[in-house]
Amino acid sequence: MKRKFKGFTGSMVVALLLAVSLILGGCSSGKSSKAGSETAEPYKVGAVLDISGTSSSLGTPERDTLLMMVDKINAEGGIQGHPIELIIEDNKSDEMEAVLAANKLIEKGVLAVLGGSSSGTSMAIMKTVQDAQIPMISLAAASSIVEPAAERQWVFKTAQSDIVMINKIIEYLKKNNMTKIAFMYMNNAYGDNGKKAISAAAPQNGITIVAEEKFDATDNDMTPQLTNVKSSGAQAVVVWAIPPSASILTKNYKDLGLTIPLIHSHGVGNQKFIELAQDAADGVILPIGKLPVTDQIADSDPQKAVLTSYINDYQNKYNTAPNSFGGYAADALSLLVKAIEKAGPDRSVIRNELEKTQGLVGVSGVFNMSEQDHNGLSEDSAVLVQIEDGKWKILQ
Amino acid sequence: MGEQLLQLLFSGLTLGSIYSIIALILVITYKVTGILNLALGEFLVIGALLTVSFKSMGMPLIAASLLAIIIVALLAGVLERLTVNKARGASSLTMLIITIGISISLRGLALLIWGTDTYSLPSFTASGPIMAGGAALNPQSIWVFLLAAATLICVNTFFGRTYWGKAVKASVLSPIGAQLQGINLSTISLAAFVFSGALATAAGICIGPVTMVTYDMGFMLGVKGFIAATIGGLGSISGAVLGGLILGLLEAYSSGLISSGLNDAISIVILLAVLLIRPEGILGAISERKI
């Protein structure tokens with residue numbers, strides 16, 4: 001018995017060591033970038049990003065973009081001689097970790113907080129940041145992050161709100177005389193916000209939602225929901241989801257032989273969606289920021305130069321194409337730098353300057369903030385694209 | 001309406017055969033060793049991810065699959081020797097906790113190697129869906145179903161007709177008696193783990209084209225397999241297959257006819273119902289079956 005017990009203890013120790021080493025290995029610590037002139041005091045800027053965990057595909061390009069831009073700004077002399085000291089914290093796509101990280105940044109005395117990457121983590125840190133009276137620029141989509149603006153004085157965001165994208169879709173439906181649609185959405189914050197926005201916007205435009213179906217992010221098969229859509233008499237299907245479930249749905253859609261247009265949201269706006277859905281992605285229509293179709297927009301477009309230079313810088317540094325999530329981070333930092341240039345290191349003046357932003361040309365669109373609008377993007381920030389042979393094509 | 005019901009039947013059978021095959025592997029290990037291996041879903045995921053990696057190195061699908069099956073079988077064997085075998089004689093609950101530990105470690109390992117990206121595996125047959133009575137059937141579902149059926153037949157033949165199968169059954173019924181007859185329990189346990197690692201990988205490669213593969217999908221698949229096994233009666237091999245199919249059909253019909261988004265709730269309600277009606281079905285069986 002004693003021998004058995006000893007052997008067992010040994011194996012438990014091995015298992016424990018293995019587990020601990022994996023947990024430690026899995027955590028990536030915050031990185032800070034210190035460079036630039038030594039004369040002026042650095043301006044501290046914090047970022048709370050979803051670098052590991054389920055939203056890491058959003059947080060990683062955002063971190064890379066911020067590091068790249070801060071290096072560039074500091075090499076060019078910083079903000080009026082003050083280098084930027086960027087402190088990045090990983091919230092592991094977890095709402096509690098996000099709050100802890102935000103508190104840590106506040107203790108370090110940052111001038112502003114950028115992040116979180118997803119709607120959930122952004123909503124989580126909002127109260128902490130509001131209470132501490134520190135400007136925050138979220139990189140996520142849900143419009144409830146900045147609305148109602150009266151209760152979100154310190155909160156701004158750079159990703160296009162759901163409603164901007166939905167108006168783009170409604171424009172398309174009207175042009176093609178479609179009045180009956182089916183709406184399918186993910187059972188999470190992103191899907192719920194999309195549903196709220198479309199339920200409000202559709203009736204005002206004479207569009208009826210004849211079928212409404214939801215599914216979980218972990219579901220493997222959306223055929224049952226699509227079967228209902230098929231028999232509902234809808235003229236188009238609008239889907240609010242992100243890959244992989246959005247890709248599975250698209251595959252099922254083709255398998256069921258549905259022929260009405262399939263319209264996705266900007267949540268599928270990365271190459272991963274096409275990779276996973278393979279041929280089934282062909283023909284899918286979606287509204288998206290201009291980044292993936294930069295080569296197709298007119299030279300007269302105000303965003304063309306900004307987009308081209310962001311793509312070139314990112315491509316040169318990381319040897320891969322950037323995506324719209326990195327773009328949200330780029331815009332957040334540009335907005336903040338512009339505001340600090342005018343305000344200096346005073347948080348409440350920075351907030352006021354952010355709110356006064358007018359005509360700032362960014363990667364995601366042209367920002368015009370106001371007291372009521374802390375996102376500042378209009379419908380020209382998005383284009384409708386159709387996927388053809390695995391490539392994004394602007395839909396005329 | 002008829003067309004819709006048929007479509008839901010196809011969809012339910014697809015899901016059902018995925019759950020069946022996981023339940024089947026779970027029950028086989030349990031029958032042979034008395035251990036509920038909750039790390040099974042992770043074996044499946046690592047097997048599928050290895051296949052993706054080998055394939056992206058340029059190997060043909062069959063070679064990549066075989067290599068992945070061998071590696072995961074070896075990994076399962078090594079883990080059995082390092083943990084379960086050393087703890088032989090400990091209570092069933094301890095064994096269960098050890099397998100949970102293995103599962104968490106493997107998930108961490110998968111995260112380190114493959115990250116949080118989603119990967120897809122190619123379908124075995126490239127053709128489009130098969131249309132029957134106005135409903136579409138994904139050909140890959142047939143492959144999953146075939147794997148479940150083949151495993152069921154092989155395992156039933158093994159336990160019912162072969163010398164070694166009978167020896168294994170005997171060792172479970174009476175460990176001491178079996179040992180006196182020269183049957184090595186330690187070898188049987190090792191074989192059960194190696195076999196379940198290999199079979200889980202084969203299952204992962206079969207279901208990969210339908211479900212896509214991410215590092216963290218093993219947990220939910222393991223839970224669904226466990227629920228399926230519970231519905232069928234934890235010790236019964238045919239019951240596991242039946243339980244999986246029932247669970248798949250219930251999920252498909254409930255999300256198609258009542259409300260979508262109910263899937264996981266339905267499975268948990270079924271699990272609770274089974275536990276309430278037959279509490280001895282699980283907990284009783286565990287404490288009674290320690291080796």
# chains A, B, ... in the order shown; residues from 1 in each chain; ligands from 1
$ select_by_dssp --residues "segment 39-239 of chain B" --states "helix (DSSP H, G or I)" --output "MDAnalysis selection string"
chainID B and resid 40:56 61:84 92:114 139:161 163:173 175:180 185:211 218:232 237:239
$ closest_atom_pairs --of "chain B" --to "chain A" --cutoff "6 Å" --atoms "only C-alpha atoms" --output "CSV"
residue,atom,partner,partner_atom,distance
B:Leu8,CA,A:Pro224,CA,5.7
B:Thr83,CA,A:Ser11,CA,5.4
B:Lys86,CA,A:Phe8,CA,5.3
B:Ala87,CA,A:Phe8,CA,4.5
B:Ser105,CA,A:Ala19,CA,5.4
B:Gly108,CA,A:Leu22,CA,5.8
B:Ser120,CA,A:Leu276,CA,5.9
B:Pro129,CA,A:Asp255,CA,5.5
B:Ala136,CA,A:Leu256,CA,5.5
B:Thr211,CA,A:Asn220,CA,4.8
B:Gly256,CA,A:Pro224,CA,4.6
B:Ser260,CA,A:Lys214,CA,5.4
B:Gly261,CA,A:Phe215,CA,4.6
$ select_by_dssp --residues "segment 275-317 of chain A" --states "strand (DSSP E)" --output "list of chain:residue names"
A:Ile285, A:Leu286, A:Pro287, A:Ile288, A:Gly289
$ residues_around --residues "Arg152 of chain A" --least-positions-apart "6" --cutoff "8 Å" --atoms "only C-alpha atoms" --output "ChimeraX atom specification"
/A:130,145-146
$ write_last_selection --atoms "N, CA, C and O atoms" --output "mmCIF file, in the first residue's frame"
data_model
loop_
_atom_site.group_PDB
_atom_site.id
_atom_site.type_symbol
_atom_site.label_atom_id
_atom_site.label_comp_id
_atom_site.auth_asym_id
_atom_site.auth_seq_id
_atom_site.Cartn_x
_atom_site.Cartn_y
_atom_site.Cartn_z
ATOM 1 N N GLN A 130 -14.329 55.158 -16.340
ATOM 2 C CA GLN A 130 -15.197 56.324 -16.117
ATOM 3 C C GLN A 130 -14.978 56.886 -14.710
ATOM 4 O O GLN A 130 -14.857 58.088 -14.522
ATOM 5 N N ILE A 145 -21.352 50.457 -26.489
ATOM 6 C CA ILE A 145 -20.130 50.882 -25.792
ATOM 7 C C ILE A 145 -20.110 52.407 -25.645
ATOM 8 O O ILE A 145 -19.672 52.935 -24.635
ATOM 9 N N VAL A 146 -20.608 53.126 -26.664
ATOM 10 C CA VAL A 146 -20.551 54.594 -26.597
ATOM 11 C C VAL A 146 -21.936 55.238 -26.494
ATOM 12 O O VAL A 146 -22.061 56.456 -26.541
#
$ residues_around --residues "segment 337-344 of chain A" --least-positions-apart "2" --cutoff "10 Å" --atoms "only C-alpha atoms" --output "count of residues only"
28
$ residues_around --residues "Ala101 of chain A" --least-positions-apart "3" --cutoff "7 Å" --atoms "only C-alpha atoms" --output "list in words"
Val48, Glu89, Asn91, Glu97, Ala98, Lys104 and Leu105 of chain A
$ closest_atom_pairs --of "segment 186-288 of chain B" --to "segment 155-171 of chain B" --cutoff "9 Å" --atoms "only C-alpha atoms" --output "Markdown table"
| residue | atom | partner | partner_atom | distance |
| --- | --- | --- | --- | --- |
| B:Ile188 | CA | B:Val168 | CA | 7.1 |
| B:Ile237 | CA | B:Asn156 | CA | 7.8 |
| B:Ser238 | CA | B:Asn156 | CA | 8.4 |
$ residues_around --residues "segment 34-50 of chain B" --least-positions-apart "2" --cutoff "6 Å" --atoms "only C-alpha atoms" --output "list in words"
Tyr30, Lys31, Val52, Ser53, Ala68, Thr99, Ile100, Ser103, Gly197, Ala200, Thr201, Gly204, Ile205, Gly218, Phe219, Leu221, Gly222, Arg289 and Lys290 of chain B
$ residues_around --residues "Gly116 of chain A" --least-positions-apart "5" --cutoff "12 Å" --atoms "only C-alpha atoms" --output "PyMOL selection string"
chain A and resi 46-51+55-56+58-60+62-63+88-95+97-99+101-102+121-126+129+136-142+145+155-159+325+328-329+332
$ write_last_selection --atoms "N, CA and C atoms" --output "compact mmCIF listing (two decimals), in the first residue's frame"
# COMPACT_ATOMS: atom_id res chain seq x y z
N GLY A 46 -1.80 53.57 -22.00
CA GLY A 46 -2.06 52.17 -21.68
C GLY A 46 -2.92 51.50 -22.74
N ALA A 47 -2.76 50.18 -22.90
CA ALA A 47 -3.65 49.43 -23.79
C ALA A 47 -4.04 48.13 -23.12
N VAL A 48 -5.34 47.81 -23.14
CA VAL A 48 -5.84 46.55 -22.58
C VAL A 48 -6.37 45.74 -23.76
N LEU A 49 -5.62 44.73 -24.21
CA LEU A 49 -6.00 44.03 -25.44
C LEU A 49 -6.24 42.54 -25.20
N ASP A 50 -7.07 41.94 -26.05
CA ASP A 50 -7.36 40.50 -25.98
C ASP A 50 -6.27 39.74 -26.75
N ILE A 51 -5.06 39.68 -26.18
CA ILE A 51 -3.94 39.11 -26.93
C ILE A 51 -3.95 37.59 -26.92
N SER A 55 -10.47 35.79 -28.28
CA SER A 55 -10.47 36.89 -29.25
C SER A 55 -9.07 37.26 -29.69
N SER A 56 -8.11 36.32 -29.56
CA SER A 56 -6.72 36.68 -29.86
C SER A 56 -6.53 37.08 -31.32
N LEU A 58 -8.17 39.12 -32.80
CA LEU A 58 -8.40 40.57 -32.83
C LEU A 58 -7.23 41.28 -32.16
N GLY A 59 -6.83 40.78 -30.98
CA GLY A 59 -5.85 41.48 -30.14
C GLY A 59 -4.44 41.46 -30.70
N THR A 60 -4.04 40.37 -31.35
CA THR A 60 -2.66 40.26 -31.82
C THR A 60 -2.32 41.32 -32.87
N GLU A 62 -3.71 44.07 -33.27
CA GLU A 62 -3.83 45.38 -32.62
C GLU A 62 -2.55 45.70 -31.85
N ARG A 63 -2.03 44.71 -31.12
CA ARG A 63 -0.77 44.93 -30.41
C ARG A 63 0.34 45.26 -31.38
N ILE A 88 1.32 47.79 -22.61
CA ILE A 88 0.26 46.91 -23.11
C ILE A 88 -0.01 45.81 -22.09
N GLU A 89 -1.28 45.62 -21.74
CA GLU A 89 -1.66 44.53 -20.84
C GLU A 89 -2.53 43.54 -21.60
N ASP A 90 -2.31 42.25 -21.38
CA ASP A 90 -3.12 41.20 -22.02
C ASP A 90 -4.27 40.84 -21.08
N ASN A 91 -5.52 40.97 -21.57
CA ASN A 91 -6.65 40.61 -20.69
C ASN A 91 -7.11 39.18 -20.90
N LYS A 92 -6.41 38.42 -21.75
CA LYS A 92 -6.71 37.00 -22.00
C LYS A 92 -8.16 36.79 -22.43
N SER A 93 -8.76 37.77 -23.08
CA SER A 93 -10.16 37.71 -23.53
C SER A 93 -11.12 37.46 -22.38
N ASP A 94 -10.72 37.87 -21.18
CA ASP A 94 -11.51 37.60 -20.00
C ASP A 94 -11.92 38.92 -19.36
N GLU A 95 -13.19 39.04 -19.01
CA GLU A 95 -13.68 40.33 -18.55
C GLU A 95 -13.08 40.74 -17.21
N GLU A 97 -10.10 39.77 -15.99
CA GLU A 97 -8.70 40.12 -16.23
C GLU A 97 -8.61 41.53 -16.83
N ALA A 98 -9.60 41.88 -17.64
CA ALA A 98 -9.58 43.19 -18.28
C ALA A 98 -9.69 44.29 -17.23
N VAL A 99 -10.57 44.09 -16.24
CA VAL A 99 -10.73 45.10 -15.20
C VAL A 99 -9.45 45.22 -14.38
N ALA A 101 -6.44 44.55 -15.35
CA ALA A 101 -5.42 45.19 -16.18
C ALA A 101 -5.66 46.70 -16.25
N ALA A 102 -6.93 47.09 -16.38
CA ALA A 102 -7.24 48.53 -16.46
C ALA A 102 -6.83 49.22 -15.16
N THR A 121 -15.00 42.73 -23.33
CA THR A 121 -13.94 43.28 -22.49
C THR A 121 -14.03 44.81 -22.43
N SER A 122 -14.51 45.44 -23.52
CA SER A 122 -14.66 46.89 -23.50
C SER A 122 -15.71 47.31 -22.48
N MET A 123 -16.85 46.61 -22.50
CA MET A 123 -17.92 46.95 -21.57
C MET A 123 -17.44 46.74 -20.13
N ALA A 124 -16.58 45.71 -19.94
CA ALA A 124 -16.14 45.37 -18.59
C ALA A 124 -15.30 46.48 -17.96
N ILE A 125 -14.43 47.12 -18.74
CA ILE A 125 -13.52 48.10 -18.14
C ILE A 125 -14.12 49.51 -18.12
N MET A 126 -15.30 49.64 -18.75
CA MET A 126 -15.87 50.97 -18.89
C MET A 126 -16.06 51.71 -17.57
N VAL A 129 -12.83 52.89 -15.81
CA VAL A 129 -12.20 54.01 -16.49
C VAL A 129 -13.02 55.30 -16.28
N MET A 136 -10.95 56.71 -22.63
CA MET A 136 -10.78 55.34 -23.11
C MET A 136 -11.23 55.29 -24.56
N ILE A 137 -10.47 54.59 -25.40
CA ILE A 137 -10.89 54.41 -26.80
C ILE A 137 -10.99 52.91 -27.06
N SER A 138 -12.22 52.41 -27.17
CA SER A 138 -12.44 50.98 -27.40
C SER A 138 -12.22 50.65 -28.86
N LEU A 139 -11.86 49.37 -29.13
CA LEU A 139 -11.60 48.93 -30.50
C LEU A 139 -12.70 47.98 -30.97
N ALA A 140 -13.86 47.97 -30.28
CA ALA A 140 -14.89 46.96 -30.56
C ALA A 140 -16.12 47.56 -31.23
N ALA A 141 -17.02 46.68 -31.69
CA ALA A 141 -18.10 47.09 -32.58
C ALA A 141 -19.39 47.55 -31.90
N ALA A 142 -19.81 46.89 -30.82
CA ALA A 142 -21.14 47.13 -30.26
C ALA A 142 -21.41 48.61 -30.02
N ILE A 145 -21.35 50.46 -26.49
CA ILE A 145 -20.13 50.88 -25.79
C ILE A 145 -20.11 52.41 -25.64
N VAL A 155 -15.75 57.62 -22.78
CA VAL A 155 -15.55 56.46 -23.65
C VAL A 155 -15.74 56.80 -25.12
N PHE A 156 -14.78 56.41 -25.95
CA PHE A 156 -14.87 56.59 -27.41
C PHE A 156 -14.59 55.25 -28.05
N LYS A 157 -14.90 55.12 -29.35
CA LYS A 157 -14.50 53.87 -30.02
C LYS A 157 -14.22 54.10 -31.50
N THR A 158 -13.41 53.20 -32.09
CA THR A 158 -12.99 53.40 -33.48
C THR A 158 -13.63 52.42 -34.47
N ALA A 159 -14.13 51.27 -33.99
CA ALA A 159 -14.73 50.31 -34.94
C ALA A 159 -16.12 50.81 -35.33
N PHE A 325 -8.94 44.81 -37.83
CA PHE A 325 -8.79 44.93 -36.38
C PHE A 325 -7.55 45.77 -36.04
N TYR A 328 -8.35 49.33 -36.41
CA TYR A 328 -9.05 49.99 -35.29
C TYR A 328 -8.03 50.53 -34.28
N ALA A 329 -6.94 49.75 -34.04
CA ALA A 329 -5.91 50.20 -33.10
C ALA A 329 -5.15 51.40 -33.65
N ALA A 332 -7.26 54.42 -33.15
CA ALA A 332 -7.34 54.84 -31.75
C ALA A 332 -6.10 55.63 -31.36
$ closest_residue --among "B:Leu180, B:Thr33, B:Glu251, B:Ile153" --to "Asn85 of chain B" --atoms "only C-alpha atoms"
B:Thr33
$ closest_residue --among "B:Ala135, B:Leu242, B:Met212, B:Leu271" --to "Leu5 of chain B" --atoms "only C-alpha atoms"
B:Ala135
$ atom_distance --atom1 "atom CA of Pro139 of chain B" --atom2 "atom CA of Ser127 of chain B"
7.7 Å
